[in-house]
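Undergrad: This is the structure, below, for whatever I ask next.
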Amino acid sequence: AAREGVGRPLPPAERGDVDRITAAACRALGEAGFAAEFARGTAAAPDELVTAIEQPTGSVGAAP
């Protein structure tokens with residue numbers, strides 16, 4: 001979403017890393033779980049994502 005927002009597509013050199021990480025996340029969460037988390041992350045505001053990283057026990061989009 002951040003890349004789309006500024007018109008900067010993923011560079012081809014990074015595609016392999018993204019595909020590898022996506023596959024690992026799909027294995028860990030299952031296809032439906034990954035799709036749900038991906039959608040939730042895509043819909044989240046940038047500040048919300050930063051807070052989730054700074055406080056890893058929290059959840060993006062979860063009520064306080």
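All residue names refer to the structure tokens as shown: chains lettered A, B, ... in order, residues numbered from 1 in each chain, ligands numbered from 1 in order.
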Write out as a PyMOL selection string all residues of chain A that DSSP puts in helix (DSSP H, G or I) for this structure's backbone.
TA: chain A and resi 2-5+12-43+46-54
Undergrad: Restricting the calculation to only C-alpha atoms: of A:Ala2, A:Arg20, A:Pro9, A:Gly30, which residue gets closest to A:Ala44?
TA: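 Once distances to A:Ala44 are computed over only C-alpha atoms, the minimum belongs to A:Ala2.
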Undergrad: I'd like the interatomic distance between atom CA of A:Asp47 and atom CA of A:Gly7, to a tenth of an Å.
TA: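 Atom CA of A:Gly7 lies 19.4 Å from atom CA of A:Asp47.
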Undergrad: Leaving out stretch 37-39 of chain A and any residue of its chain fewer than 4 positions from it, which residues lie within 10 Å of it when counting only C-alpha atoms, given as number ranges by chain?
TA: A: 22, 25, 29, 32-33, 43-44, 60
Undergrad: Between A:Val50, A:Ala28, A:Gln55, A:Thr42, which has the minimum distance to A:Arg3 (counting only C-alpha atoms)?
TA: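 Nearest to A:Arg3: A:Thr42.
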Undergrad: I'd like the interatomic distance between atom CA of A:Ala36 and atom CA of A:Ala52, to a tenth of an Å.
TA: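 Atom CA of A:Ala52 lies 16.6 Å from atom CA of A:Ala36.
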